[in-house]
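Source file: query34.csv (CSV, C-alpha atoms)
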```csv
chain,number,residue,atom,x,y,z
A,162,MET,CA,4.2,29.5,-21.5
A,163,PRO,CA,7.4,27.4,-22.0
A,164,THR,CA,7.2,24.2,-23.9
A,165,ARG,CA,7.3,21.0,-21.7
A,166,THR,CA,9.1,17.8,-22.6
A,167,ALA,CA,7.0,14.6,-23.0
A,168,ALA,CA,8.3,13.4,-19.7
A,169,GLU,CA,7.3,16.6,-18.0
A,170,GLN,CA,3.8,16.4,-19.6
A,171,ARG,CA,3.4,12.7,-18.4
A,172,ALA,CA,4.5,13.7,-14.9
A,173,ARG,CA,2.1,16.6,-14.7
A,174,ALA,CA,-0.8,14.4,-16.0
A,175,GLY,CA,0.1,11.6,-13.6
A,176,ALA,CA,0.0,14.0,-10.7
A,177,ALA,CA,-3.7,14.6,-11.5
A,178,TYR,CA,-4.5,10.9,-10.7
A,179,ASP,CA,-5.6,10.0,-7.2
A,180,ALA,CA,-6.1,6.2,-6.8
A,181,TYR,CA,-8.0,6.9,-3.5
A,182,LEU,CA,-10.9,8.2,-5.6
A,183,ALA,CA,-13.2,5.5,-6.9
A,184,GLU,CA,-13.6,7.0,-10.3
A,185,CYS,CA,-9.9,7.5,-10.9
A,186,PRO,CA,-8.4,5.5,-13.8
A,187,ALA,CA,-5.4,4.7,-11.7
A,188,ARG,CA,-7.7,3.0,-9.2
A,189,GLN,CA,-9.0,0.8,-12.0
A,190,LEU,CA,-5.5,0.0,-13.0
A,191,LEU,CA,-4.6,-1.0,-9.5
A,192,ASP,CA,-7.6,-3.2,-9.4
A,193,ARG,CA,-6.4,-4.9,-12.6
A,194,ILE,CA,-2.8,-5.5,-11.5
A,195,ALA,CA,-3.9,-6.6,-8.0
A,196,ASP,CA,-5.6,-9.6,-9.6
A,197,LYS,CA,-3.8,-12.9,-8.7
A,198,TRP,CA,-3.9,-14.2,-12.3
A,199,VAL,CA,-2.4,-10.9,-13.6
A,200,SER,CA,0.5,-11.1,-11.3
A,201,LEU,CA,1.1,-14.8,-12.2
A,202,VAL,CA,0.8,-14.2,-15.9
A,203,ILE,CA,3.2,-11.2,-15.8
A,204,THR,CA,5.8,-13.2,-13.9
A,205,ALA,CA,5.3,-16.3,-16.1
A,206,LEU,CA,6.0,-14.2,-19.2
A,207,ALA,CA,9.2,-12.9,-17.7
A,208,ASP,CA,11.0,-15.8,-19.4
A,209,GLY,CA,9.9,-14.6,-22.9
A,210,PRO,CA,7.1,-15.2,-25.3
A,211,GLN,CA,4.9,-18.2,-24.5
A,212,ARG,CA,2.1,-20.0,-26.2
A,213,TYR,CA,-1.4,-20.0,-24.6
A,214,SER,CA,-1.1,-23.7,-23.8
A,215,ASP,CA,2.2,-23.2,-22.1
A,216,LEU,CA,0.8,-20.5,-19.9
A,217,GLN,CA,-2.2,-22.7,-19.0
A,218,ARG,CA,0.1,-25.6,-18.0
A,219,ARG,CA,2.3,-23.3,-15.9
A,220,LEU,CA,-0.6,-21.6,-14.1
A,221,ALA,CA,-2.1,-24.6,-12.5
A,222,SER,CA,-5.8,-24.4,-11.8
A,223,VAL,CA,-6.5,-21.4,-14.0
A,224,SER,CA,-9.6,-21.9,-16.2
A,225,GLN,CA,-9.5,-21.4,-19.9
A,226,LYS,CA,-12.0,-18.6,-19.5
A,227,MET,CA,-10.0,-16.8,-16.8
A,228,LEU,CA,-6.7,-17.1,-18.7
A,229,THR,CA,-8.3,-15.8,-21.9
A,230,GLN,CA,-10.0,-12.9,-20.0
A,231,THR,CA,-6.7,-12.0,-18.2
A,232,LEU,CA,-4.7,-12.0,-21.4
A,233,ARG,CA,-7.2,-9.9,-23.2
A,234,HIS,CA,-7.2,-7.3,-20.3
A,235,LEU,CA,-3.4,-7.2,-20.3
A,236,GLU,CA,-3.3,-6.8,-24.0
A,237,ARG,CA,-5.9,-3.9,-23.9
A,238,ASP,CA,-3.9,-2.2,-21.1
A,239,GLY,CA,-0.7,-2.4,-23.3
A,240,LEU,CA,1.1,-4.8,-20.9
A,241,VAL,CA,1.1,-7.9,-23.2
A,242,THR,CA,1.2,-8.4,-27.0
A,243,ARG,CA,-0.5,-11.2,-28.8
A,244,THR,CA,1.3,-12.4,-32.0
A,245,LEU,CA,-0.2,-14.8,-34.5
A,246,ALA,CA,2.4,-17.0,-36.3
A,247,PRO,CA,1.4,-18.6,-39.6
A,248,ALA,CA,1.5,-22.3,-39.0
A,249,ALA,CA,-0.8,-25.3,-39.0
A,250,PRO,CA,-2.3,-25.0,-36.5
A,251,VAL,CA,-2.0,-21.3,-36.0
A,252,ARG,CA,0.4,-20.4,-33.3
A,253,VAL,CA,-0.4,-17.6,-30.8
A,254,ASP,CA,2.4,-16.2,-28.7
A,255,TYR,CA,2.0,-13.8,-25.7
A,256,GLU,CA,4.8,-11.5,-24.7
A,257,LEU,CA,5.3,-8.7,-22.3
A,258,THR,CA,5.5,-5.2,-23.8
A,259,GLU,CA,8.1,-2.7,-22.5
A,260,LEU,CA,5.4,-1.3,-20.3
A,261,GLY,CA,4.5,-4.8,-19.0
A,262,ALA,CA,8.2,-5.6,-18.4
A,263,SER,CA,8.4,-2.4,-16.3
A,264,LEU,CA,5.8,-3.9,-13.9
A,265,LEU,CA,7.9,-7.1,-13.6
A,266,PRO,CA,10.1,-6.1,-10.6
A,267,VAL,CA,7.0,-5.2,-8.6
A,268,MET,CA,5.2,-8.5,-9.4
A,269,ARG,CA,8.3,-10.5,-8.7
A,270,ALA,CA,8.8,-8.8,-5.3
A,271,ILE,CA,5.1,-9.5,-4.4
A,272,LYS,CA,5.3,-13.1,-5.5
A,273,SER,CA,8.6,-13.6,-3.6
A,274,TRP,CA,7.3,-11.9,-0.5
A,275,ALA,CA,4.2,-14.2,-0.5
A,276,GLU,CA,6.3,-17.3,-0.9
A,277,THR,CA,8.8,-16.2,1.8
A,278,HIS,CA,6.3,-15.1,4.4
A,279,MET,CA,3.6,-17.8,3.9
A,280,ASP,CA,4.5,-19.7,7.1
A,281,GLU,CA,4.2,-16.5,9.1
A,282,VAL,CA,0.9,-15.6,7.6
A,283,GLN,CA,-0.5,-19.1,8.2
A,284,HIS,CA,0.7,-18.9,11.8
A,285,ALA,CA,-1.0,-15.5,12.2
A,286,ARG,CA,-4.2,-16.9,10.7
A,287,ALA,CA,-4.2,-19.8,13.0
A,288,ALA,CA,-3.6,-17.6,16.1
A,289,TYR,CA,-6.4,-15.2,14.9
A,290,ASP,CA,-8.8,-18.1,14.4
A,291,ASP,CA,-8.0,-19.6,17.8
A,292,THR,CA,-9.0,-16.3,19.5
A,293,ARG,CA,-12.3,-16.3,17.6
A,294,ARG,CA,-13.4,-19.7,18.8
```
Represent the structure from my file as C-alpha cells, please.
Amino acid sequence: MPTRTAAEQRARAGAAYDAYLAECPARQLLDRIADKWVSLVITALADGPQRYSDLQRRLASVSQKMLTQTLRHLERDGLVTRTLAPAAPVRVDYELTELGASLLPVMRAIKSWAETHMDEVQHARAAYDDTRR
C-alpha cells in the first residue's frame, strides 16, 4: 500500500465525518462554532491578542461566566491560546491560533450578513407575526 501524505490522511479521515449524524464529532464542533458568543469572540480576536477585560467590554452583555466558559471551550478546541504574562497583577491574553484564524473569514461573513440583512429579517418577522394574529 502506498504511503499517504499528511494532507491525504487528513482528507481521508475528514471524509469519514458526517455532521448529519448526532454522534459525529463534526456535529459537536458545528454546535460549538454556531454559538453566538463563539462567533463574536472569534471576530473580536481578529485584531490580535486581547485581555479578558477588553473582550468583556467589547462583547456587551456577555456575563463573566459565559465569556470564561466560551474562552475555555475555544482553548480546548485549539482555536484560542491563553497566555499568562508575569506582571502585577497577572496579565492574561487571549489570541487566535492558526486554526482559529482559519475560521475567521466564515465568522466575519456571517456577522456581516446578519448586520446587512437585519432590516429584511425584521420585516419578514413582522409579516409572519401579522399572519399569525
(message) Given all atoms listed in the file as the basis, pick out the residue of A:Ala285, A:Ala262, A:Met227, A:Leu220 nearest to Leu201 (chain A).
(response) A:Leu220
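CA of Leu260 (chain A) to CA of Arg188 (chain A) spans 17.7 Å [interatomic distance, one decimal].
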(request) Point out the residue among A:Pro186, A:Val241, A:Thr292, A:Leu216 with the least atom-to-atom distance to Leu264 (chain A), counting only C-alpha atoms. (result) A:Val241
(request) Compare A:Val199, A:Ala180, A:Ala288, A:Ile194 by their minimum atom-to-atom distance to Leu228 (chain A), counting all atoms listed in the file, and give me the closest one. (result) A:Val199
(request) Can you work out the spacing between CA of Lys272 (chain A) and CA of Ser200 (chain A) in Å, to one decimal? (result) 7.8 Å
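Across A:Leu257, A:Ala248, A:Cys185, A:Ala287, the tightest approach to Ala205 (chain A) is made by A:Leu257 when counting all atoms listed in the file.
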Slice of the block: region 212-254 of chain A, N, CA and C atoms, as a JSON list (two decimals), in the first residue's frame:
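What landed in result-v4.json:
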```
[["chain", "number", "residue", "atom", "x", "y", "z"],
["A", 212, "ARG", "N", -6.84, 41.19, 26.30],
["A", 212, "ARG", "CA", -7.05, 40.81, 27.69],
["A", 212, "ARG", "C", -8.52, 40.44, 27.88],
["A", 213, "TYR", "N", -8.75, 39.65, 28.92],
["A", 213, "TYR", "CA", -10.11, 39.24, 29.26],
["A", 213, "TYR", "C", -11.03, 40.45, 29.43],
["A", 214, "SER", "N", -10.56, 41.43, 30.18],
["A", 214, "SER", "CA", -11.40, 42.61, 30.45],
["A", 214, "SER", "C", -11.72, 43.38, 29.17],
["A", 215, "ASP", "N", -10.79, 43.41, 28.23],
["A", 215, "ASP", "CA", -11.06, 44.08, 26.94],
["A", 215, "ASP", "C", -12.14, 43.34, 26.17],
["A", 216, "LEU", "N", -12.06, 42.02, 26.17],
["A", 216, "LEU", "CA", -13.08, 41.22, 25.49],
["A", 216, "LEU", "C", -14.45, 41.43, 26.15],
["A", 217, "GLN", "N", -14.46, 41.45, 27.46],
["A", 217, "GLN", "CA", -15.73, 41.62, 28.17],
["A", 217, "GLN", "C", -16.37, 42.97, 27.86],
["A", 218, "ARG", "N", -15.55, 44.01, 27.77],
["A", 218, "ARG", "CA", -16.07, 45.34, 27.42],
["A", 218, "ARG", "C", -16.60, 45.35, 25.98],
["A", 219, "ARG", "N", -15.87, 44.72, 25.09],
["A", 219, "ARG", "CA", -16.25, 44.73, 23.67],
["A", 219, "ARG", "C", -17.52, 43.94, 23.41],
["A", 220, "LEU", "N", -17.69, 42.83, 24.13],
["A", 220, "LEU", "CA", -18.86, 41.98, 23.94],
["A", 220, "LEU", "C", -19.94, 42.37, 24.95],
["A", 221, "ALA", "N", -20.59, 43.46, 24.66],
["A", 221, "ALA", "CA", -21.60, 43.99, 25.57],
["A", 221, "ALA", "C", -22.62, 42.92, 25.92],
["A", 222, "SER", "N", -22.93, 42.83, 27.17],
["A", 222, "SER", "CA", -23.94, 41.96, 27.77],
["A", 222, "SER", "C", -23.50, 40.52, 27.97],
["A", 223, "VAL", "N", -22.27, 40.16, 27.64],
["A", 223, "VAL", "CA", -21.81, 38.81, 27.95],
["A", 223, "VAL", "C", -21.50, 38.73, 29.44],
["A", 224, "SER", "N", -21.97, 37.68, 30.08],
["A", 224, "SER", "CA", -21.67, 37.52, 31.51],
["A", 224, "SER", "C", -20.25, 36.99, 31.67],
["A", 225, "GLN", "N", -19.71, 37.21, 32.85],
["A", 225, "GLN", "CA", -18.36, 36.73, 33.15],
["A", 225, "GLN", "C", -18.31, 35.22, 32.99],
["A", 226, "LYS", "N", -19.33, 34.53, 33.49],
["A", 226, "LYS", "CA", -19.39, 33.07, 33.41],
["A", 226, "LYS", "C", -19.40, 32.60, 31.95],
["A", 227, "MET", "N", -20.21, 33.23, 31.11],
["A", 227, "MET", "CA", -20.32, 32.81, 29.72],
["A", 227, "MET", "C", -19.05, 33.09, 28.94],
["A", 228, "LEU", "N", -18.43, 34.24, 29.19],
["A", 228, "LEU", "CA", -17.18, 34.55, 28.50],
["A", 228, "LEU", "C", -16.08, 33.58, 28.91],
["A", 229, "THR", "N", -15.98, 33.30, 30.19],
["A", 229, "THR", "CA", -14.98, 32.34, 30.69],
["A", 229, "THR", "C", -15.21, 30.96, 30.07],
["A", 230, "GLN", "N", -16.44, 30.52, 30.07],
["A", 230, "GLN", "CA", -16.78, 29.21, 29.51],
["A", 230, "GLN", "C", -16.47, 29.16, 28.01],
["A", 231, "THR", "N", -16.82, 30.21, 27.29],
["A", 231, "THR", "CA", -16.56, 30.26, 25.85],
["A", 231, "THR", "C", -15.07, 30.22, 25.56],
["A", 232, "LEU", "N", -14.29, 31.01, 26.28],
["A", 232, "LEU", "CA", -12.84, 31.02, 26.08],
["A", 232, "LEU", "C", -12.22, 29.67, 26.40],
["A", 233, "ARG", "N", -12.69, 29.01, 27.44],
["A", 233, "ARG", "CA", -12.17, 27.69, 27.79],
["A", 233, "ARG", "C", -12.47, 26.68, 26.68],
["A", 234, "HIS", "N", -13.69, 26.71, 26.17],
["A", 234, "HIS", "CA", -14.06, 25.79, 25.08],
["A", 234, "HIS", "C", -13.21, 26.05, 23.84],
["A", 235, "LEU", "N", -13.01, 27.32, 23.51],
["A", 235, "LEU", "CA", -12.20, 27.65, 22.33],
["A", 235, "LEU", "C", -10.74, 27.24, 22.52],
["A", 236, "GLU", "N", -10.25, 27.38, 23.74],
["A", 236, "GLU", "CA", -8.89, 26.95, 24.02],
["A", 236, "GLU", "C", -8.78, 25.42, 23.91],
["A", 237, "ARG", "N", -9.75, 24.72, 24.44],
["A", 237, "ARG", "CA", -9.76, 23.25, 24.37],
["A", 237, "ARG", "C", -9.81, 22.77, 22.93],
["A", 238, "ASP", "N", -10.57, 23.45, 22.09],
["A", 238, "ASP", "CA", -10.72, 23.07, 20.69],
["A", 238, "ASP", "C", -9.54, 23.52, 19.83],
["A", 239, "GLY", "N", -8.58, 24.22, 20.43],
["A", 239, "GLY", "CA", -7.40, 24.64, 19.69],
["A", 239, "GLY", "C", -7.59, 25.88, 18.84],
["A", 240, "LEU", "N", -8.63, 26.65, 19.13],
["A", 240, "LEU", "CA", -8.92, 27.85, 18.34],
["A", 240, "LEU", "C", -8.34, 29.12, 18.97],
["A", 241, "VAL", "N", -8.08, 29.07, 20.27],
["A", 241, "VAL", "CA", -7.59, 30.23, 21.02],
["A", 241, "VAL", "C", -6.47, 29.76, 21.95],
["A", 242, "THR", "N", -5.48, 30.62, 22.12],
["A", 242, "THR", "CA", -4.46, 30.36, 23.14],
["A", 242, "THR", "C", -4.62, 31.36, 24.27],
["A", 243, "ARG", "N", -4.25, 30.92, 25.44],
["A", 243, "ARG", "CA", -4.29, 31.74, 26.65],
["A", 243, "ARG", "C", -2.86, 31.86, 27.14],
["A", 244, "THR", "N", -2.39, 33.11, 27.26],
["A", 244, "THR", "CA", -1.01, 33.35, 27.67],
["A", 244, "THR", "C", -0.99, 34.19, 28.94],
["A", 245, "LEU", "N", -0.25, 33.69, 29.92],
["A", 245, "LEU", "CA", -0.06, 34.44, 31.17],
["A", 245, "LEU", "C", 1.22, 35.25, 31.06],
["A", 246, "ALA", "N", 1.12, 36.53, 31.32],
["A", 246, "ALA", "CA", 2.29, 37.41, 31.31],
["A", 246, "ALA", "C", 2.61, 37.79, 32.75],
["A", 247, "PRO", "N", 3.87, 37.59, 33.16],
["A", 247, "PRO", "CA", 4.23, 37.95, 34.54],
["A", 247, "PRO", "C", 4.14, 39.46, 34.74],
["A", 248, "ALA", "N", 3.23, 39.84, 35.55],
["A", 248, "ALA", "CA", 3.03, 41.25, 35.87],
["A", 248, "ALA", "C", 2.27, 41.30, 37.19],
["A", 249, "ALA", "N", 2.14, 42.46, 37.73],
["A", 249, "ALA", "CA", 1.34, 42.62, 38.93],
["A", 249, "ALA", "C", 0.24, 43.63, 38.63],
["A", 250, "PRO", "N", -1.01, 43.22, 38.53],
["A", 250, "PRO", "CA", -1.50, 41.86, 38.63],
["A", 250, "PRO", "C", -1.16, 41.04, 37.38],
["A", 251, "VAL", "N", -1.35, 39.74, 37.47],
["A", 251, "VAL", "CA", -1.05, 38.86, 36.34],
["A", 251, "VAL", "C", -1.89, 39.26, 35.14],
["A", 252, "ARG", "N", -1.26, 39.30, 34.00],
["A", 252, "ARG", "CA", -1.95, 39.67, 32.77],
["A", 252, "ARG", "C", -2.21, 38.39, 31.96],
["A", 253, "VAL", "N", -3.46, 38.21, 31.52],
["A", 253, "VAL", "CA", -3.83, 37.07, 30.71],
["A", 253, "VAL", "C", -4.30, 37.58, 29.36],
["A", 254, "ASP", "N", -3.66, 37.10, 28.31],
["A", 254, "ASP", "CA", -4.04, 37.48, 26.95],
["A", 254, "ASP", "C", -4.61, 36.28, 26.22]]
```
